[in-house]
Each structure stands twice: as structure tokens, then as C-alpha cells.
Amino acid sequence: MTQPILVTGATGNTGRHVVSGLLAEGVPVRALTRDPTRAGLPEGVEVVAGDTTSPEDVSAAAEGARAAYLVWPGTDAAAEGAAEVVAALGGHVDRVVHLSSTGATEGDGGVWGSVERAVRKSIREWTFIRGGGFAANALAWSDQVHRGVVRAPFGSIRRSVVHERDLAAVAVRALIDDAHVGRAYVATGPEVISQAEQVRVLGEAIGVHARWEEQPLDEARAELAEAVGEDFADQIIGHWSENGDVPEPVSEDVSRVLGRPALTFRDWARDHAADFAPGG
């Protein structure tokens with residue numbers, strides 16, 4: 001029997017698409033998830049229980065696999081335990097495709113740089129997919145869009161947000177094609193779009209007039225601090241206060257790898273319209 005590919009974060013935004021993409025290629029999949037009873041993954045997927053941040057769980061899940069898709073919790077600012085987890089993977093698989101971030105190349109790279117360094121050290125064949133803004137972050141507005149107003153800061157910032165289906169499609173190619181070994185791809189959407197414009201597009205997708213209302217920074221910081229902690233909230237506010245006037249760059253890496261244009265935010269909005277409708 002062909003060795004499976006291990007997918008961590010298999011029930012997440014990208015992980016589910018990685019699973020389905022590998023299955024479509026005829027590749028057996030082993031999915032690591034904390035609660036297999038609630039995974040809801042396609043028939044034929046080998047679902048195993050475990051925590052991506054546990055070296056023991058990851059080692060057990062990787063045994064007999066030939067490659068792995070690695071997602072690391074982004075809020076773990078210190079990347080505590082990442083090196084041990086990656087080393088555990090390296091004890092079983094030769095290839096790891098890691099969903100990283102463009103932040104890996106900024107300063108010391110933060111959590112993303114730490115994980116990338118661990119992968120380079122322990123894994124023989126690696127690929128990094130450095131996402132910029134994820135379109136899926138717009139799900140945070142889901143309880144506001146159908147009411148017609150999204151109240152948040154930095155409505156004018158212009159982002160090159162990427163669809164999770166594109167991230168997953170690039171990951172599938174890197175997992176099964178040798179041509180992507182040792183590459184670090186920057187994955188973005190094909191355009192820059194302001195956050196305020198994203199809200200308008202989401203409204204159109206569900207048939208309502210939706211607009212942006214700029215929120216005072218002190219109020220926004222307090223809400224962020226409650227959700228992600230004061231240090232991370234300060235990082236977010238500080239980053240956009242300093243860089244909000246500069247549009248995020250658009251990369252052609254997605255289209256080069258996939259041989260088709262990257263999906264737009266409008267595509268993402270249509271795919272997720274149900275998430276923004278009342279009761280979604």
C-alpha cells in the first residue's frame with residue numbers, strides 16, 4: 001500500500017482543502033485532529049487523535065507516512081515546542097510542507113521564523129508557503145456584515161488577501177511534486193483590496209448594502225487585547241499604524257505553481273456567502 005501523507009490541522013481552513021486535494025490526486029491521507037469524532041472528513045481518510053504541538057502525538061501520527069503538511073498555531077509567539085515537534089516529524093518523514101507567513105522574513109521572523117528554522121534543521125525536503133493576509137480572517141466580521149455595518153480600525157489598508165483554497169492547492173503540489181523542494185513561496189491574492197472594500201464585496205455576495213465604520217484605535221486595542229492578549233494586540237495595532245499606507249505586495253507564485261490565476265476576494269466571498277448571512 002502507498003504510504004499516506006500526514007495532514008496536521010486537518011479540520012482547519014486550509015487543512016480540509018489539503019485533505020480533499022490529496023484525495024483527488026489518489027493519495028492516501030492520514031489526518032491529525034484533536035477530536036476525530038467531530039472531524040467530519042471525507043470517507044477513506046485515516047483520522048487519528050492528537051495535538052499538533054505534542055511531539056509524542058506527532059511522532060505517532062507520522063509513523064509510516066511519507067510526507068507531512070504542517071500548520072503551527074500562529075498565536076504561540078515563542079514557538080515553544082516547535083523544534084521538538086519538527087524533529088519528531090523528521091524521525092519519520094523526508095518531506096514537510098509548512099504553512100508559514102510572510103512575517104518569517106521580517107526581523108527575527110517571530111513564530112514563523114522559528115518554525116522555518118526548525119524545519120530547515122530537521123527535514124531533508126521542505127517547502128514553505130508564506131501566506132500574507134488570509135481572506136478567511138474576514139470571517140471575524142460574520143456577525144456584522146448582514147447587519148450592514150462592520151466597525152473596526154484600518155478600513156483603508158489595502159491587502160493582497162489569499163483564498164485558503166489556493167494555499168491548499170499549492171501545498172498539495174508541493175507535497176507530491178519534487179519540483180517544489182527547497183522553495184519558499186509567497187502566496188497572495190491577485191489584487192490589493194482595502195478592508196472597507198472587502199466589506200462591500202461581502203455585502204454584495206449576500207445581497208445587502210454593507211459598509212465600513214472606522215473604530216477608534218484605543219477601543220479596538222482593548223477588544224483585541226481581550227481576544228489575543230495585550231502584547232499581540234499591541235503588535236497588530238503597531239504594525240498597521242506604521243504600514244497602513246503601503247499596499248501589500250502581490251506575488252505571482254500561486255499562479256506559477258498552479259498554472260492558473262489566483263482566486264480573488266470576490267471568489268472567496270461567493271464561496272463563503274453562507275457564513276455571512278443571518279444565522280450563518
# chains A, B, ... in the order shown; residues from 1 in each chain; ligands from 1

$ closest_atom_pairs --of "stretch 107-218 of chain A" --to "stretch 13-18 of chain A" --cutoff "10 Å" --atoms "only C-alpha atoms" --output "tab-separated table"
residue	atom	partner	partner_atom	distance
A:Phe134	CA	A:Asn13	CA	10.0
A:Ala136	CA	A:Asn13	CA	7.6
A:His163	CA	A:Thr14	CA	9.0
A:Glu164	CA	A:Thr14	CA	5.2
A:Arg165	CA	A:His17	CA	6.2
A:Asp166	CA	A:Thr14	CA	8.7
A:Leu167	CA	A:Thr14	CA	6.7
A:Ala168	CA	A:Val18	CA	4.9
A:Ala169	CA	A:Val18	CA	6.8
A:Val170	CA	A:Val18	CA	9.0
A:Ala171	CA	A:Val18	CA	6.9
A:Val172	CA	A:Val18	CA	6.1
A:Arg173	CA	A:Val18	CA	9.8
A:Leu175	CA	A:Val18	CA	9.7

$ select_by_dssp --residues "stretch 54-271 of chain A" --states "strand (DSSP E)" --output "ChimeraX atom specification"
/A:67-70,95-101,125-131,149-152,158-159,183-187,193-194,211-214

$ select_by_dssp --residues "stretch 37-271 of chain A" --states "helix (DSSP H, G or I)" --output "ChimeraX atom specification"
/A:37-38,55-62,82-90,102-105,110-122,135-145,164-176,178-180,195-206,217-228,230-243,253-258,265-271

$ residues_around --residues "A:Val145" --least-positions-apart "3" --cutoff "8 Å" --atoms "only C-alpha atoms" --output "list in words"
Trp141, Ser142, Gly148, Val149, Val150, Val199, Leu202, Gly203, Ala210, Phe276 and Ala277 of chain A

$ closest_residue --among "A:Gly26, A:Gly21, A:Gly113, A:Pro36" --to "A:Ala82" --atoms "only C-alpha atoms"
A:Gly113

$ closest_residue --among "A:Phe232, A:Gly91, A:Ala24, A:Asp35" --to "A:Pro55" --atoms "only C-alpha atoms"
A:Gly91

$ closest_atom_pairs --of "stretch 11-98 of chain A" --to "stretch 2-6 of chain A" --cutoff "9 Å" --atoms "only C-alpha atoms" --output "JSON lines"
{"residue": "A:Leu22", "atom": "CA", "partner": "A:Ile5", "partner_atom": "CA", "distance": 8.3}
{"residue": "A:Val27", "atom": "CA", "partner": "A:Pro4", "partner_atom": "CA", "distance": 6.8}
{"residue": "A:Pro28", "atom": "CA", "partner": "A:Pro4", "partner_atom": "CA", "distance": 4.6}
{"residue": "A:Val29", "atom": "CA", "partner": "A:Pro4", "partner_atom": "CA", "distance": 5.0}
{"residue": "A:Arg30", "atom": "CA", "partner": "A:Leu6", "partner_atom": "CA", "distance": 4.8}
{"residue": "A:Ala31", "atom": "CA", "partner": "A:Leu6", "partner_atom": "CA", "distance": 5.8}
{"residue": "A:Leu32", "atom": "CA", "partner": "A:Leu6", "partner_atom": "CA", "distance": 7.2}
{"residue": "A:Glu46", "atom": "CA", "partner": "A:Pro4", "partner_atom": "CA", "distance": 8.9}
{"residue": "A:Ala61", "atom": "CA", "partner": "A:Leu6", "partner_atom": "CA", "distance": 7.3}
{"residue": "A:Ala62", "atom": "CA", "partner": "A:Leu6", "partner_atom": "CA", "distance": 6.3}
{"residue": "A:Gly64", "atom": "CA", "partner": "A:Gln3", "partner_atom": "CA", "distance": 6.5}
{"residue": "A:Ala65", "atom": "CA", "partner": "A:Pro4", "partner_atom": "CA", "distance": 5.0}
{"residue": "A:Arg66", "atom": "CA", "partner": "A:Gln3", "partner_atom": "CA", "distance": 5.7}
{"residue": "A:Ala67", "atom": "CA", "partner": "A:Ile5", "partner_atom": "CA", "distance": 5.0}
{"residue": "A:Ala68", "atom": "CA", "partner": "A:Leu6", "partner_atom": "CA", "distance": 4.5}
{"residue": "A:Tyr69", "atom": "CA", "partner": "A:Leu6", "partner_atom": "CA", "distance": 6.3}
{"residue": "A:Leu70", "atom": "CA", "partner": "A:Leu6", "partner_atom": "CA", "distance": 8.6}

$ write_last_selection --atoms "all heavy atoms" --output "short mmCIF file (atom, residue, chain, number, x, y, z; two decimals), in the first residue's frame"
data_model
loop_
_atom_site.label_atom_id
_atom_site.label_comp_id
_atom_site.auth_asym_id
_atom_site.auth_seq_id
_atom_site.Cartn_x
_atom_site.Cartn_y
_atom_site.Cartn_z
N LEU A 22 -5.47 16.11 -1.89
CA LEU A 22 -4.67 14.90 -1.95
C LEU A 22 -5.52 13.70 -2.37
O LEU A 22 -5.09 12.87 -3.18
CB LEU A 22 -4.01 14.63 -0.59
CG LEU A 22 -2.89 15.59 -0.19
CD1 LEU A 22 -2.49 15.36 1.26
CD2 LEU A 22 -1.67 15.41 -1.10
N VAL A 27 -4.03 10.11 -3.49
CA VAL A 27 -3.04 9.93 -2.44
C VAL A 27 -3.74 9.59 -1.12
O VAL A 27 -4.65 10.32 -0.71
CB VAL A 27 -2.19 11.21 -2.25
CG1 VAL A 27 -1.20 11.04 -1.11
CG2 VAL A 27 -1.47 11.55 -3.55
N PRO A 28 -3.34 8.53 -0.43
CA PRO A 28 -3.94 8.23 0.87
C PRO A 28 -3.58 9.29 1.89
O PRO A 28 -2.45 9.81 1.89
CB PRO A 28 -3.36 6.86 1.24
CG PRO A 28 -2.13 6.73 0.42
CD PRO A 28 -2.35 7.51 -0.84
N VAL A 29 -4.52 9.62 2.77
CA VAL A 29 -4.35 10.71 3.72
C VAL A 29 -4.55 10.22 5.15
O VAL A 29 -5.50 9.48 5.44
CB VAL A 29 -5.35 11.85 3.44
CG1 VAL A 29 -5.23 12.96 4.50
CG2 VAL A 29 -5.13 12.44 2.05
N ARG A 30 -3.65 10.65 6.02
CA ARG A 30 -3.82 10.46 7.46
C ARG A 30 -3.99 11.84 8.07
O ARG A 30 -3.15 12.72 7.87
CB ARG A 30 -2.61 9.75 8.07
CG ARG A 30 -2.72 9.50 9.58
CD ARG A 30 -1.48 8.79 10.10
NE ARG A 30 -1.36 7.48 9.48
CZ ARG A 30 -0.22 6.80 9.40
NH1 ARG A 30 0.91 7.33 9.86
NH2 ARG A 30 -0.19 5.61 8.84
N ALA A 31 -5.06 12.06 8.79
CA ALA A 31 -5.38 13.37 9.33
C ALA A 31 -5.21 13.39 10.84
O ALA A 31 -5.74 12.52 11.54
CB ALA A 31 -6.81 13.76 8.97
N LEU A 32 -4.47 14.36 11.34
CA LEU A 32 -4.28 14.53 12.78
C LEU A 32 -5.22 15.60 13.28
O LEU A 32 -5.20 16.74 12.81
CB LEU A 32 -2.83 14.92 13.07
CG LEU A 32 -2.47 15.17 14.54
CD1 LEU A 32 -2.62 13.89 15.36
CD2 LEU A 32 -1.04 15.70 14.66
N GLU A 46 -7.80 8.36 6.98
CA GLU A 46 -7.42 7.77 8.26
C GLU A 46 -7.29 8.90 9.27
O GLU A 46 -6.38 9.72 9.19
CB GLU A 46 -6.10 7.02 8.14
CG GLU A 46 -5.63 6.39 9.43
CD GLU A 46 -4.22 5.82 9.34
OE1 GLU A 46 -3.61 5.90 8.25
OE2 GLU A 46 -3.73 5.32 10.37
N ALA A 61 1.60 9.86 14.89
CA ALA A 61 0.81 10.07 13.68
C ALA A 61 1.66 9.97 12.42
O ALA A 61 1.17 9.56 11.36
CB ALA A 61 0.12 11.43 13.73
N ALA A 62 2.94 10.34 12.52
CA ALA A 62 3.81 10.36 11.34
C ALA A 62 4.41 8.99 11.01
O ALA A 62 4.97 8.82 9.92
CB ALA A 62 4.94 11.37 11.54
N GLY A 64 5.18 5.75 9.50
CA GLY A 64 4.74 5.11 8.26
C GLY A 64 4.29 6.07 7.18
O GLY A 64 3.96 5.65 6.08
N ALA A 65 4.26 7.39 7.48
CA ALA A 65 3.89 8.39 6.47
C ALA A 65 5.11 8.74 5.62
O ALA A 65 6.25 8.52 6.01
CB ALA A 65 3.33 9.65 7.13
N ARG A 66 4.85 9.31 4.44
CA ARG A 66 5.96 9.69 3.56
C ARG A 66 6.21 11.18 3.51
O ARG A 66 7.26 11.63 3.07
CB ARG A 66 5.71 9.17 2.15
CG ARG A 66 4.45 9.68 1.47
CD ARG A 66 4.37 9.12 0.06
NE ARG A 66 3.05 9.21 -0.53
CZ ARG A 66 2.81 9.70 -1.73
NH1 ARG A 66 3.81 10.20 -2.45
NH2 ARG A 66 1.60 9.72 -2.21
N ALA A 67 5.23 11.97 3.93
CA ALA A 67 5.36 13.42 3.92
C ALA A 67 4.32 13.98 4.88
O ALA A 67 3.43 13.26 5.34
CB ALA A 67 5.15 13.98 2.51
N ALA A 68 4.45 15.28 5.18
CA ALA A 68 3.52 15.89 6.11
C ALA A 68 3.26 17.34 5.75
O ALA A 68 4.16 18.05 5.28
CB ALA A 68 4.04 15.81 7.54
N TYR A 69 2.04 17.76 5.98
CA TYR A 69 1.65 19.17 5.88
C TYR A 69 1.58 19.69 7.30
O TYR A 69 0.86 19.16 8.15
CB TYR A 69 0.28 19.29 5.20
CG TYR A 69 -0.29 20.69 5.18
CD1 TYR A 69 0.30 21.68 4.42
CD2 TYR A 69 -1.44 20.99 5.90
CE1 TYR A 69 -0.23 22.96 4.39
CE2 TYR A 69 -1.99 22.27 5.88
CZ TYR A 69 -1.38 23.25 5.12
OH TYR A 69 -1.91 24.51 5.10
N LEU A 70 2.36 20.73 7.59
CA LEU A 70 2.50 21.23 8.95
C LEU A 70 1.90 22.62 9.10
O LEU A 70 2.31 23.56 8.42
CB LEU A 70 3.97 21.26 9.35
CG LEU A 70 4.30 21.87 10.72
CD1 LEU A 70 3.68 21.06 11.85
CD2 LEU A 70 5.81 22.00 10.91
#

$ residues_around --residues "A:Pro247" --least-positions-apart "3" --cutoff "10 Å" --atoms "only C-alpha atoms" --output "JSON, numbers by chain"
{"A": [156, 157, 158, 159, 160, 192, 193, 194, 243, 244, 250]}

$ closest_residue --among "A:Ser241, A:Ser122, A:Ser114, A:Ser59" --to "A:Ser101" --atoms "only C-alpha atoms"
A:Ser114

$ residues_around --residues "stretch 261-273 of chain A" --least-positions-apart "4" --cutoff "6 Å" --atoms "only C-alpha atoms" --output "number ranges by chain"
A: 189-190, 202, 205-206, 254-255

$ write_last_selection --atoms "all heavy atoms" --output "compact mmCIF listing (two decimals), in the first residue's frame"
# COMPACT_ATOMS: atom_id res chain seq x y z
N GLY A 189 -3.27 36.89 -2.92
CA GLY A 189 -4.29 37.00 -3.94
C GLY A 189 -3.74 37.76 -5.14
O GLY A 189 -2.60 38.25 -5.11
N PRO A 190 -4.55 37.91 -6.20
CA PRO A 190 -4.06 38.56 -7.43
C PRO A 190 -4.23 40.06 -7.45
O PRO A 190 -3.92 40.70 -8.46
CB PRO A 190 -4.95 37.91 -8.49
CG PRO A 190 -6.26 37.70 -7.79
CD PRO A 190 -5.89 37.34 -6.37
N LEU A 202 -18.48 41.62 0.38
CA LEU A 202 -19.20 40.60 1.16
C LEU A 202 -20.69 40.90 1.19
O LEU A 202 -21.52 39.99 1.09
CB LEU A 202 -18.64 40.55 2.58
CG LEU A 202 -17.25 39.92 2.73
CD1 LEU A 202 -16.69 40.21 4.12
CD2 LEU A 202 -17.31 38.43 2.47
N ALA A 205 -22.27 39.81 -1.94
CA ALA A 205 -22.38 38.36 -2.04
C ALA A 205 -23.63 37.83 -1.35
O ALA A 205 -24.15 36.78 -1.73
CB ALA A 205 -21.14 37.69 -1.45
N ILE A 206 -24.13 38.57 -0.34
CA ILE A 206 -25.34 38.10 0.36
C ILE A 206 -26.54 39.02 0.12
O ILE A 206 -27.59 38.85 0.74
CB ILE A 206 -25.08 37.96 1.87
CG1 ILE A 206 -24.75 39.31 2.52
CG2 ILE A 206 -23.99 36.95 2.13
CD1 ILE A 206 -24.70 39.25 4.05
N VAL A 254 1.48 31.88 -6.67
CA VAL A 254 0.34 30.97 -6.75
C VAL A 254 0.04 30.60 -8.19
O VAL A 254 -0.13 29.43 -8.53
CB VAL A 254 -0.91 31.59 -6.07
CG1 VAL A 254 -2.17 30.78 -6.41
CG2 VAL A 254 -0.73 31.64 -4.56
N SER A 255 -0.02 31.59 -9.06
CA SER A 255 -0.34 31.31 -10.46
C SER A 255 0.78 30.50 -11.12
O SER A 255 0.51 29.65 -11.98
CB SER A 255 -0.61 32.60 -11.23
OG SER A 255 0.51 33.45 -11.21

$ closest_residue --among "A:Ala135, A:Ile237, A:Ala220, A:Phe128" --to "A:Gly182" --atoms "only C-alpha atoms"
A:Phe128

$ atom_distance --atom1 "atom CA of A:Val48" --atom2 "atom CA of A:Ala60"
9.3 Å

$ closest_residue --among "A:Ala79, A:Leu41, A:Ala49, A:Ala152" --to "A:Glu223" --atoms "only C-alpha atoms"
A:Ala152
